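Peer 1: Structure supplied as model-v6.cif; contents: mmCIF, C-alpha atoms.
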```cif
data_input
#
loop_
_atom_site.label_atom_id
_atom_site.label_comp_id
_atom_site.auth_asym_id
_atom_site.auth_seq_id
_atom_site.Cartn_x
_atom_site.Cartn_y
_atom_site.Cartn_z
CA MET A 1 48.17 73.96 30.05
CA LEU A 2 47.02 76.06 27.09
CA PRO A 3 49.20 74.35 24.44
CA SER A 4 47.98 70.89 25.41
CA LEU A 5 44.41 72.19 25.56
CA LEU A 6 44.72 73.45 21.98
CA ILE A 7 46.36 70.29 20.63
CA VAL A 8 43.63 68.06 22.06
CA PHE A 9 40.85 70.53 21.22
CA ARG A 10 41.76 70.47 17.51
CA GLU A 11 41.75 66.68 17.34
CA VAL A 12 38.46 66.38 19.24
CA LEU A 13 36.84 69.02 17.06
CA GLU A 14 37.89 67.19 13.89
CA ALA A 15 36.26 63.98 15.12
CA GLY A 16 33.37 66.00 16.58
CA ILE A 17 32.48 67.63 13.27
CA ILE A 18 32.02 64.16 11.80
CA LEU A 19 30.07 62.92 14.84
CA GLY A 20 27.82 66.00 14.81
CA ILE A 21 26.90 65.41 11.18
CA VAL A 22 26.45 61.66 11.75
CA LEU A 23 24.09 62.34 14.66
CA ALA A 24 22.10 64.90 12.69
CA ALA A 25 21.88 62.58 9.68
CA THR A 26 20.44 59.77 11.80
CA GLN A 27 18.01 62.01 13.67
CA GLY A 28 14.72 60.26 14.31
CA ILE A 29 15.91 56.73 13.62
CA ARG A 30 14.97 54.46 16.48
CA ARG A 31 17.81 53.30 18.79
CA ARG A 32 20.13 55.77 17.11
CA ASN A 33 21.83 56.80 20.37
CA TRP A 34 22.74 53.20 21.24
CA PHE A 35 24.33 52.58 17.87
CA ILE A 36 26.33 55.80 17.75
CA ALA A 37 27.42 55.45 21.38
CA GLY A 38 28.53 51.91 20.58
CA GLY A 39 30.48 53.25 17.61
CA ILE A 40 32.18 55.88 19.75
CA LEU A 41 33.04 53.28 22.38
CA ALA A 42 34.46 50.92 19.76
CA GLY A 43 36.46 53.85 18.38
CA LEU A 44 37.89 54.60 21.82
CA VAL A 45 38.90 50.96 22.36
CA GLY A 46 40.40 50.92 18.87
CA ALA A 47 42.25 54.18 19.56
CA ALA A 48 43.79 52.70 22.69
CA LEU A 49 44.82 49.58 20.74
CA LEU A 50 46.30 51.69 17.93
CA ALA A 51 48.27 53.69 20.48
CA LEU A 52 49.42 50.50 22.20
CA PHE A 53 50.63 48.94 18.95
CA ALA A 54 51.94 52.15 17.39
CA GLU A 55 55.43 50.76 16.97
CA ALA A 56 54.32 47.48 15.38
CA ILE A 57 51.99 49.36 13.02
CA THR A 58 54.81 51.69 11.98
CA HIS A 59 57.09 48.77 11.18
CA ALA A 60 54.44 46.87 9.25
CA LEU A 61 54.36 47.04 5.43
CA PHE A 62 57.97 48.15 5.00
CA GLY A 63 57.63 51.04 7.44
CA PHE A 64 54.46 52.46 5.92
CA GLY A 65 51.88 50.65 8.02
CA GLN A 66 50.60 53.90 9.54
CA GLU A 67 49.87 55.38 6.13
CA VAL A 68 48.22 52.24 4.77
CA LEU A 69 46.10 51.79 7.91
CA ASN A 70 45.05 55.44 7.82
CA GLY A 71 44.15 55.19 4.15
CA VAL A 72 42.19 51.99 4.63
CA ILE A 73 40.13 53.19 7.58
CA LEU A 74 39.33 56.41 5.75
CA LEU A 75 38.17 54.44 2.73
CA ILE A 76 35.99 52.25 4.95
CA ALA A 77 34.36 55.43 6.27
CA VAL A 78 33.84 56.67 2.70
CA VAL A 79 32.02 53.46 1.74
CA MET A 80 29.88 53.64 4.89
CA LEU A 81 28.94 57.28 4.31
CA GLY A 82 28.09 56.48 0.70
CA TRP A 83 25.94 53.57 1.82
CA HIS A 84 24.11 55.80 4.29
CA ASN A 85 23.42 58.49 1.73
CA LEU A 86 21.98 56.06 -0.77
CA TRP A 87 19.92 54.44 1.99
CA MET A 88 18.59 57.86 3.00
CA GLY A 89 17.70 58.50 -0.63
CA ILE A 90 15.31 55.57 -0.33
CA HIS A 91 14.08 55.98 3.24
CA GLY A 92 14.62 59.62 4.13
CA ARG A 93 11.14 60.55 2.93
CA GLU A 94 9.50 57.97 5.20
CA LEU A 95 11.55 59.15 8.15
CA ALA A 96 10.65 62.79 7.67
CA ALA A 97 7.01 61.87 7.15
CA ARG A 98 6.86 59.84 10.35
CA VAL A 99 8.15 62.61 12.54
CA GLN A 100 5.84 65.11 10.92
CA GLY A 101 3.06 62.71 11.80
CA VAL A 102 1.92 62.43 8.18
CA GLY A 103 2.39 58.70 7.89
CA ASP A 104 2.95 56.05 10.49
CA ALA A 105 5.53 54.10 8.54
CA VAL A 106 8.28 53.54 11.04
CA ALA A 107 11.65 53.26 9.38
CA ARG A 108 13.72 51.07 11.61
CA GLY A 109 16.86 52.00 9.77
CA GLU A 110 19.18 49.58 11.49
CA SER A 111 21.26 48.90 8.39
CA SER A 112 21.99 52.60 8.12
CA LEU A 113 22.65 52.86 11.85
CA THR A 114 25.25 50.13 11.63
CA VAL A 115 27.17 51.92 8.89
CA MET A 116 26.95 55.24 10.72
CA ALA A 117 28.17 53.56 13.91
CA VAL A 118 31.20 52.44 11.89
CA VAL A 119 31.75 56.01 10.69
CA ALA A 120 31.56 57.27 14.29
CA ALA A 121 34.05 54.59 15.32
CA VAL A 122 36.45 55.54 12.53
CA ALA A 123 36.26 59.25 13.39
CA VAL A 124 36.98 58.56 17.05
CA LEU A 125 39.66 56.00 16.18
CA ARG A 126 41.67 58.33 13.93
CA GLU A 127 41.76 61.37 16.17
CA GLY A 128 41.45 59.40 19.40
CA SER A 129 44.66 57.43 18.91
CA GLU A 130 46.57 60.70 18.58
CA ILE A 131 44.96 62.05 21.74
CA VAL A 132 45.68 58.83 23.64
CA LEU A 133 49.33 58.91 22.60
CA PHE A 134 49.59 62.59 23.45
CA LEU A 135 48.02 62.25 26.89
CA TYR A 136 50.08 59.13 27.51
CA SER A 137 53.29 60.93 26.59
CA ILE A 138 52.37 63.67 29.07
CA ALA A 139 51.47 61.21 31.80
CA ALA A 140 54.69 59.27 31.27
CA SER A 141 56.88 62.36 31.37
CA THR A 142 58.64 63.32 34.56
CA GLN A 143 58.41 67.06 34.09
CA SER A 144 56.80 69.19 36.77
CA SER A 145 54.23 70.71 34.42
CA THR A 146 52.68 67.27 33.84
CA SER A 147 49.46 67.66 35.79
CA SER A 148 48.56 71.06 34.37
CA MET A 149 49.20 69.79 30.84
CA PHE A 150 47.05 66.77 31.53
CA VAL A 151 44.26 69.01 32.83
CA GLY A 152 44.68 71.11 29.69
CA GLY A 153 44.21 67.99 27.58
CA LEU A 154 41.03 67.06 29.44
CA LEU A 155 39.70 70.61 29.07
CA GLY A 156 40.49 70.33 25.37
CA ILE A 157 38.34 67.20 25.15
CA ALA A 158 35.52 69.00 26.98
CA ALA A 159 35.74 72.13 24.79
CA GLY A 160 35.89 70.13 21.54
CA SER A 161 32.96 67.95 22.58
CA PHE A 162 30.93 70.99 23.59
CA LEU A 163 31.46 72.68 20.23
CA SER A 164 30.61 69.47 18.35
CA TRP A 165 27.43 69.10 20.40
CA GLY A 166 26.62 72.69 19.44
CA LEU A 167 27.05 71.78 15.78
CA TYR A 168 24.65 68.87 16.22
CA ARG A 169 22.06 70.98 18.06
CA GLY A 170 22.33 73.64 15.37
CA LEU A 171 21.76 71.10 12.63
CA VAL A 172 18.75 69.43 14.24
CA ALA A 173 17.10 72.81 14.74
CA ILE A 174 16.45 72.55 10.99
CA PRO A 175 13.00 71.07 10.22
CA LEU A 176 13.32 67.37 9.55
CA ASN A 177 12.02 67.44 5.99
CA ARG A 178 14.87 69.78 5.06
CA LEU A 179 17.46 68.40 7.48
CA PHE A 180 18.06 65.18 5.55
CA GLY A 181 18.58 67.08 2.32
CA ILE A 182 21.23 69.19 4.05
CA THR A 183 22.90 66.28 5.84
CA SER A 184 23.06 64.38 2.52
CA TRP A 185 25.13 67.20 1.08
CA LEU A 186 27.29 67.42 4.19
CA ILE A 187 27.89 63.68 4.11
CA ALA A 188 28.77 63.76 0.41
CA LEU A 189 31.33 66.48 1.23
CA LEU A 190 32.66 64.53 4.24
CA ALA A 191 33.02 61.37 2.16
CA ALA A 192 34.71 63.21 -0.71
CA GLY A 193 37.09 64.87 1.73
CA MET A 194 37.96 61.55 3.35
CA ALA A 195 38.56 59.90 -0.03
CA GLY A 196 40.83 62.79 -1.02
CA ARG A 197 42.63 62.57 2.31
CA ALA A 198 43.16 58.81 1.90
CA ALA A 199 44.56 59.35 -1.60
CA ALA A 200 46.88 62.11 -0.33
CA ILE A 201 48.16 59.94 2.54
CA LEU A 202 48.87 57.00 0.24
CA ALA A 203 50.48 59.20 -2.45
CA GLY A 204 52.45 60.94 0.31
CA ALA A 205 54.05 57.59 1.12
CA ASP A 206 54.69 56.99 -2.61
CA LEU A 207 52.12 54.18 -2.67
CA LEU A 208 50.02 55.95 -5.31
CA PRO A 209 51.08 58.28 -8.10
CA ALA A 210 50.48 61.90 -7.06
CA TRP A 211 49.48 63.26 -10.50
CA GLY A 212 50.95 66.59 -9.50
CA TYR A 213 52.13 67.45 -6.02
CA GLU A 214 50.72 70.96 -5.91
CA VAL A 215 47.77 71.64 -8.17
CA TRP A 216 47.28 75.02 -6.51
CA ASP A 217 48.59 76.91 -3.51
CA THR A 218 46.07 78.73 -1.35
CA SER A 219 48.18 78.59 1.81
CA SER A 220 48.30 82.40 1.91
CA LEU A 221 44.48 82.48 2.06
CA ILE A 222 43.69 79.56 4.35
CA ALA A 223 46.68 77.60 5.62
CA ASP A 224 46.29 73.92 6.50
CA GLY A 225 47.71 74.58 9.95
CA SER A 226 45.26 77.36 10.81
CA MET A 227 42.02 76.74 12.69
CA PRO A 228 39.81 77.50 9.64
CA GLY A 229 42.06 75.20 7.61
CA ARG A 230 41.64 72.36 10.11
CA VAL A 231 37.85 72.80 10.26
CA LEU A 232 37.55 72.93 6.47
CA GLN A 233 39.74 69.86 6.20
CA ALA A 234 37.50 67.92 8.57
CA LEU A 235 34.36 69.20 6.85
CA LEU A 236 35.25 68.84 3.18
CA GLY A 237 38.84 67.65 2.92
CA TYR A 238 40.35 71.07 2.25
CA SER A 239 44.07 71.16 1.51
CA ASP A 240 46.03 74.34 0.76
CA ARG A 241 48.33 72.51 -1.69
CA PRO A 242 46.37 69.52 -2.97
CA MET A 243 47.77 66.68 -5.05
CA GLY A 244 46.22 65.73 -8.37
CA VAL A 245 45.21 62.28 -7.15
CA GLN A 246 43.58 63.86 -4.12
CA LEU A 247 41.36 66.04 -6.32
CA VAL A 248 40.49 63.10 -8.57
CA ALA A 249 39.44 61.01 -5.54
CA TRP A 250 37.42 63.96 -4.18
CA VAL A 251 35.56 64.62 -7.43
CA LEU A 252 34.89 60.92 -8.13
CA THR A 253 33.47 60.34 -4.65
CA PHE A 254 31.38 63.49 -4.61
CA ALA A 255 30.00 62.84 -8.09
CA THR A 256 29.19 59.22 -7.23
CA LEU A 257 27.25 60.19 -4.13
CA VAL A 258 25.41 63.12 -5.66
CA ILE A 259 24.51 61.37 -8.92
CA GLY A 260 23.72 58.09 -7.13
CA GLY A 261 21.53 59.89 -4.61
CA TYR A 262 19.75 61.76 -7.39
CA LEU A 263 19.06 58.57 -9.36
CA ILE A 264 17.73 56.74 -6.32
CA GLN A 265 15.56 59.64 -5.25
CA ASN A 266 14.03 59.81 -8.71
CA ARG A 267 13.38 56.10 -8.67
CA SER A 268 11.95 56.05 -5.16
CA SER A 269 9.68 59.02 -5.77
CA ARG A 270 8.25 57.25 -8.79
CA THR A 271 7.59 54.18 -6.66
CA SER A 272 6.78 56.04 -3.47
CA ALA A 273 3.37 54.43 -3.33
CA HIS A 274 5.17 51.16 -2.66
CA SER A 275 7.78 52.68 -0.43
CA ASN A 276 6.85 50.41 2.44
CA SER A 277 7.99 47.42 0.46
CA HIS A 278 11.46 48.96 0.24
CA ARG A 279 11.78 48.85 3.94
CA ARG A 280 14.42 46.55 5.21
CA GLU A 281 12.95 43.96 7.55
CA THR A 282 15.54 43.68 10.27
CA MET B 1 75.58 46.55 -35.31
CA SER B 2 74.15 44.34 -32.60
CA ILE B 3 76.07 46.38 -30.06
CA LEU B 4 74.32 49.46 -31.38
CA ILE B 5 70.94 47.78 -31.02
CA GLU B 6 71.80 46.68 -27.51
CA LEU B 7 72.89 50.17 -26.65
CA ALA B 8 69.70 51.56 -28.10
CA ALA B 9 67.69 49.01 -26.14
CA ALA B 10 69.57 49.78 -22.97
CA PHE B 11 69.03 53.48 -23.56
CA PHE B 12 65.33 52.87 -24.14
CA VAL B 13 64.98 50.88 -20.93
CA LEU B 14 66.89 53.56 -19.07
CA GLN B 15 64.60 56.22 -20.51
CA CYS B 16 61.52 54.26 -19.50
CA GLY B 17 62.95 53.79 -16.06
CA MET B 18 63.59 57.49 -15.77
CA VAL B 19 60.12 58.37 -17.00
CA TRP B 20 58.65 55.94 -14.48
CA ALA B 21 60.85 57.35 -11.76
CA THR B 22 59.89 60.95 -12.52
CA GLU B 23 56.26 59.98 -12.77
CA LEU B 24 56.23 58.48 -9.30
CA SER B 25 59.09 60.75 -8.31
CA ILE B 26 60.82 57.94 -6.48
CA PRO B 27 63.71 59.52 -4.65
CA SER B 28 66.88 57.80 -5.69
CA ASP B 29 69.21 59.72 -3.38
CA SER B 30 69.97 58.72 0.14
CA PRO B 31 67.60 60.01 2.80
CA ILE B 32 68.13 63.01 5.02
CA ASN B 33 68.82 61.76 8.50
CA LEU B 34 67.42 63.60 11.48
CA THR B 35 67.32 62.76 15.14
CA ILE B 36 65.16 64.12 17.90
CA GLU B 37 66.31 64.17 21.48
CA ASN B 38 65.01 66.21 24.42
CA HIS B 39 62.37 67.53 22.01
CA THR B 40 65.01 69.10 19.77
CA PHE B 41 65.66 68.18 16.15
CA ASN B 42 69.23 67.61 15.05
CA PRO B 43 69.92 69.05 12.58
CA SER B 44 67.01 71.43 13.00
CA THR B 45 67.58 72.88 9.58
CA PHE B 46 68.81 71.40 6.29
CA THR B 47 68.83 72.21 2.60
CA VAL B 48 67.40 70.28 -0.35
CA PRO B 49 67.30 71.16 -4.06
CA SER B 50 64.01 72.41 -5.47
CA GLY B 51 61.80 70.25 -7.65
CA LYS B 52 62.96 66.94 -6.24
CA ARG B 53 61.22 64.44 -4.05
CA PHE B 54 63.23 63.41 -0.99
CA ARG B 55 63.06 61.17 2.04
CA ILE B 56 63.55 62.11 5.66
CA GLN B 57 64.55 59.46 8.18
CA LEU B 58 63.87 60.50 11.73
CA THR B 59 65.27 58.62 14.69
CA SER B 60 63.79 59.43 18.07
CA HIS B 61 65.86 59.42 21.23
CA ASP B 62 63.05 61.15 23.10
CA GLU B 63 61.59 59.47 26.15
CA SER B 64 58.05 60.06 24.95
CA VAL B 65 56.08 59.36 21.80
CA ASP B 66 56.34 62.13 19.19
CA GLU B 67 54.39 62.97 16.08
CA PHE B 68 56.61 64.15 13.25
CA GLU B 69 54.44 66.56 11.30
CA SER B 70 54.54 69.30 8.71
CA TYR B 71 51.71 71.19 7.06
CA ASP B 72 54.15 72.54 4.48
CA LEU B 73 55.66 69.18 3.59
CA LYS B 74 52.39 67.23 4.04
CA PHE B 75 53.31 64.46 6.40
CA GLU B 76 52.21 63.33 9.83
CA LYS B 77 53.66 60.24 11.43
CA ILE B 78 53.95 58.80 14.92
CA VAL B 79 57.43 57.90 16.14
CA VAL B 80 57.91 55.95 19.34
CA PRO B 81 61.08 56.26 21.46
CA ASN B 82 64.23 54.68 20.02
CA ASP B 83 62.62 54.04 16.67
CA THR B 84 63.21 55.33 13.14
CA ILE B 85 60.55 56.41 10.68
CA THR B 86 60.68 57.47 7.05
CA VAL B 87 58.54 60.15 5.40
CA PHE B 88 58.54 61.55 1.88
CA ALA B 89 58.36 65.20 0.92
CA GLY B 90 58.59 67.44 -2.11
CA PRO B 91 59.00 68.30 -4.88
CA LEU B 92 59.08 71.87 -3.55
CA HIS B 93 59.52 75.41 -4.82
CA PRO B 94 62.52 77.33 -3.48
CA GLY B 95 61.74 78.71 -0.04
CA THR B 96 61.64 77.81 3.63
CA TYR B 97 59.33 75.13 4.99
CA SER B 98 58.75 74.19 8.60
CA PHE B 99 58.24 70.90 10.40
CA PHE B 100 57.59 70.11 14.06
CA ASP B 101 56.68 67.52 16.65
CA ASP B 102 52.93 67.92 17.07
CA TYR B 103 53.13 66.76 20.68
CA HIS B 104 55.73 69.36 21.63
CA PRO B 105 55.18 72.03 18.96
CA ASP B 106 56.69 74.86 21.00
CA GLN B 107 60.00 73.09 21.59
CA ALA B 108 60.55 70.73 18.70
CA LYS B 109 60.70 72.77 15.51
CA GLY B 110 62.80 72.75 12.37
CA THR B 111 62.97 74.12 8.85
CA VAL B 112 63.88 72.91 5.38
CA THR B 113 65.52 75.36 3.04
CA VAL B 114 64.78 74.61 -0.58
CA ALA B 115 67.48 75.97 -2.86
CA PRO B 116 66.91 76.59 -6.58
CA SER B 117 68.40 73.80 -8.67
CA LYS B 118 69.24 73.96 -12.37
CA GLY B 119 66.47 72.80 -14.65
CA HIS B 120 64.05 72.54 -11.74
CA ASP B 121 63.85 76.18 -10.81
CA ASP B 122 60.15 76.29 -10.40
CA ALA B 123 59.23 72.72 -10.44
CA PRO B 124 56.44 70.76 -8.89
#
```
Would you mind writing the structure in this file as structure tokens?

Peer 2:
Amino acid sequence: MLPSLLIVFREVLEAGIILGIVLAATQGIRRRNWFIAGGILAGLVGAALLALFAEAITHALFGFGQEVLNGVILLIAVVMLGWHNLWMGIHGRELAARVQGVGDAVARGESSLTVMAVVAAVAVLREGSEIVLFLYSIAASTQSSTSSMFVGGLLGIAAGSFLSWGLYRGLVAIPLNRLFGITSWLIALLAAGMAGRAAAILAGADLLPAWGYEVWDTSSLIADGSMPGRVLQALLGYSDRPMGVQLVAWVLTFATLVIGGYLIQNRSSRTSAHSNSHRRET
Amino acid sequence: MSILIELAAAFFVLQCGMVWATELSIPSDSPINLTIENHTFNPSTFTVPSGKRFRIQLTSHDESVDEFESYDLKFEKIVVPNDTITVFAGPLHPGTYSFFDDYHPDQAKGTVTVAPSKGHDDAP
């Protein structure tokens, strides 16, 4: 029971870290829960489909369909997170002001909710398909320990979800005017980590040049397989032996989001008197 | 004379090809073939030279879906029953590296021994 609990717990926590940050970053946007729940549901359906077509996906693209698919869905998430951060650069101020009761500008924020729903779906899809396959392989097995392993898996889902919920509650305890500044940084790190991960997966399948297979080795400090290693990987794309191309993707993504966010913030604070006109009418 | 030029040209092309190959580290050798059955790798341990990229082909005879994974070798790939997958690994320093089936990590384990090879003693 314990091994299956741990396997599932790790996967759920990895998705949960992303979901916790996504929820915190969309705090206060109207109809947020519906969008994110929809994203999670879509991710679950997608995970089941991925699991169902695992063999076909593996055989696609000369046997490297899994890697290409993984890389592509990670890159989609990177674009969505980037979009959200830039959107928050424009509208975050209004949102914080509304909840503080300073202004009554109501940011509807549906364009940002859509992209964050996609991020939630991708997070659930990636880890969920592994969980589905794992639980399926337990359920299909004829061994006597099946039911206790299955219960372990379900407990793993519960424990991982609980911890992720804790992360979310911890984040939203931060006052709203500071929360969005913090979530912007967290999202820039998430996006950079995902871009690095996508590059590493594609270079791992020899679909991209690696530009060095081991730029450094910190596996004696924090190993990829350890719990801190897994959490840091989900949070900021940590790798104990990163490839060159992985670092380049990380730095490019992080720099784009931070510099882009900074430029937009500067622009929107100069035009903040007209900030209502920036609002997307959806 | 023209033969010399042709030779030089052929040599140049060969050199370019080799540079390209080392740059992408495309493994030219045949893959290492592994099978997994009853959650046991066969062979569960093998040796590769250091500083070279290599391919592992894993064929599953398990009844359940497995996930061929290694933190040391940096791969993670689903393999369904009676199917074969290919993953790349390396170049590696001399040492011992482990791999496993993430769905049965206590049973299905294996190691790669990386032996020093001339000219690539401390490569990646």

Peer 1: Could you name the residues that touch Ile7 (chain A) at 8 Å or less, counting only C-alpha atoms, but leaving out those on the same chain fewer than 6 positions away, as a ChimeraX atom specification?

Peer 2: /A:153,156 /B:102-103

Peer 1: Quick one: which residues from chain B are at most 10 Å off chain A, using all atoms listed in the file, as an NGL selection string?

Peer 2: :B and (23-27 or 53 or 55 or 63-67 or 70-81 or 83-93 or 102-106 or 123-124)

Peer 1: Can you translate the PyMOL selection byres ((chain A and resi 184-193) around 7) into the concrete residues it hits in this file, as a VMD selection string?

Peer 2: chain A and resid 78 81 85 180 to 183 194 to 197 235 to 237 250 to 251 253 to 254 257 to 258

Peer 1: For the selection just defined, write its residues with C-alpha atoms to a file, as a PDB file, in the coordinates of the input.

Peer 2:
```
ATOM      1  CA  VAL A  78      33.840  56.670   2.700  1.00  0.00           C
ATOM      2  CA  LEU A  81      28.940  57.280   4.310  1.00  0.00           C
ATOM      3  CA  ASN A  85      23.420  58.490   1.730  1.00  0.00           C
ATOM      4  CA  PHE A 180      18.060  65.180   5.550  1.00  0.00           C
ATOM      5  CA  GLY A 181      18.580  67.080   2.320  1.00  0.00           C
ATOM      6  CA  ILE A 182      21.230  69.190   4.050  1.00  0.00           C
ATOM      7  CA  THR A 183      22.900  66.280   5.840  1.00  0.00           C
ATOM      8  CA  MET A 194      37.960  61.550   3.350  1.00  0.00           C
ATOM      9  CA  ALA A 195      38.560  59.900  -0.030  1.00  0.00           C
ATOM     10  CA  GLY A 196      40.830  62.790  -1.020  1.00  0.00           C
ATOM     11  CA  ARG A 197      42.630  62.570   2.310  1.00  0.00           C
ATOM     12  CA  LEU A 235      34.360  69.200   6.850  1.00  0.00           C
ATOM     13  CA  LEU A 236      35.250  68.840   3.180  1.00  0.00           C
ATOM     14  CA  GLY A 237      38.840  67.650   2.920  1.00  0.00           C
ATOM     15  CA  TRP A 250      37.420  63.960  -4.180  1.00  0.00           C
ATOM     16  CA  VAL A 251      35.560  64.620  -7.430  1.00  0.00           C
ATOM     17  CA  THR A 253      33.470  60.340  -4.650  1.00  0.00           C
ATOM     18  CA  PHE A 254      31.380  63.490  -4.610  1.00  0.00           C
ATOM     19  CA  LEU A 257      27.250  60.190  -4.130  1.00  0.00           C
ATOM     20  CA  VAL A 258      25.410  63.120  -5.660  1.00  0.00           C
TER      21      VAL A 258
END
```

Peer 1: If the PyMOL selection byres ((chain A and resi 245) around 7) were run on this exact file, what residues would it hold? Put them as a ChimeraX atom specification.

Peer 2: /A:199,210-211,243-244,246-249

Peer 1: Just say which residues the PyMOL selection byres ((chain B and resi 32-38) around 9) picks in this file, as a ChimeraX atom specification.

Peer 2: /B:30-31,39-44,46,54-63,84,107-108

Peer 1: Which polymer residues have any atom within 10 Å of an atom of Arg10 (chain A), counting all atoms listed in the file, with same-chain residues fewer than 2 positions away left out, as a ChimeraX atom specification?

Peer 2: /A:5-8,12-16,127,131,156-157,159-160,227,230-231
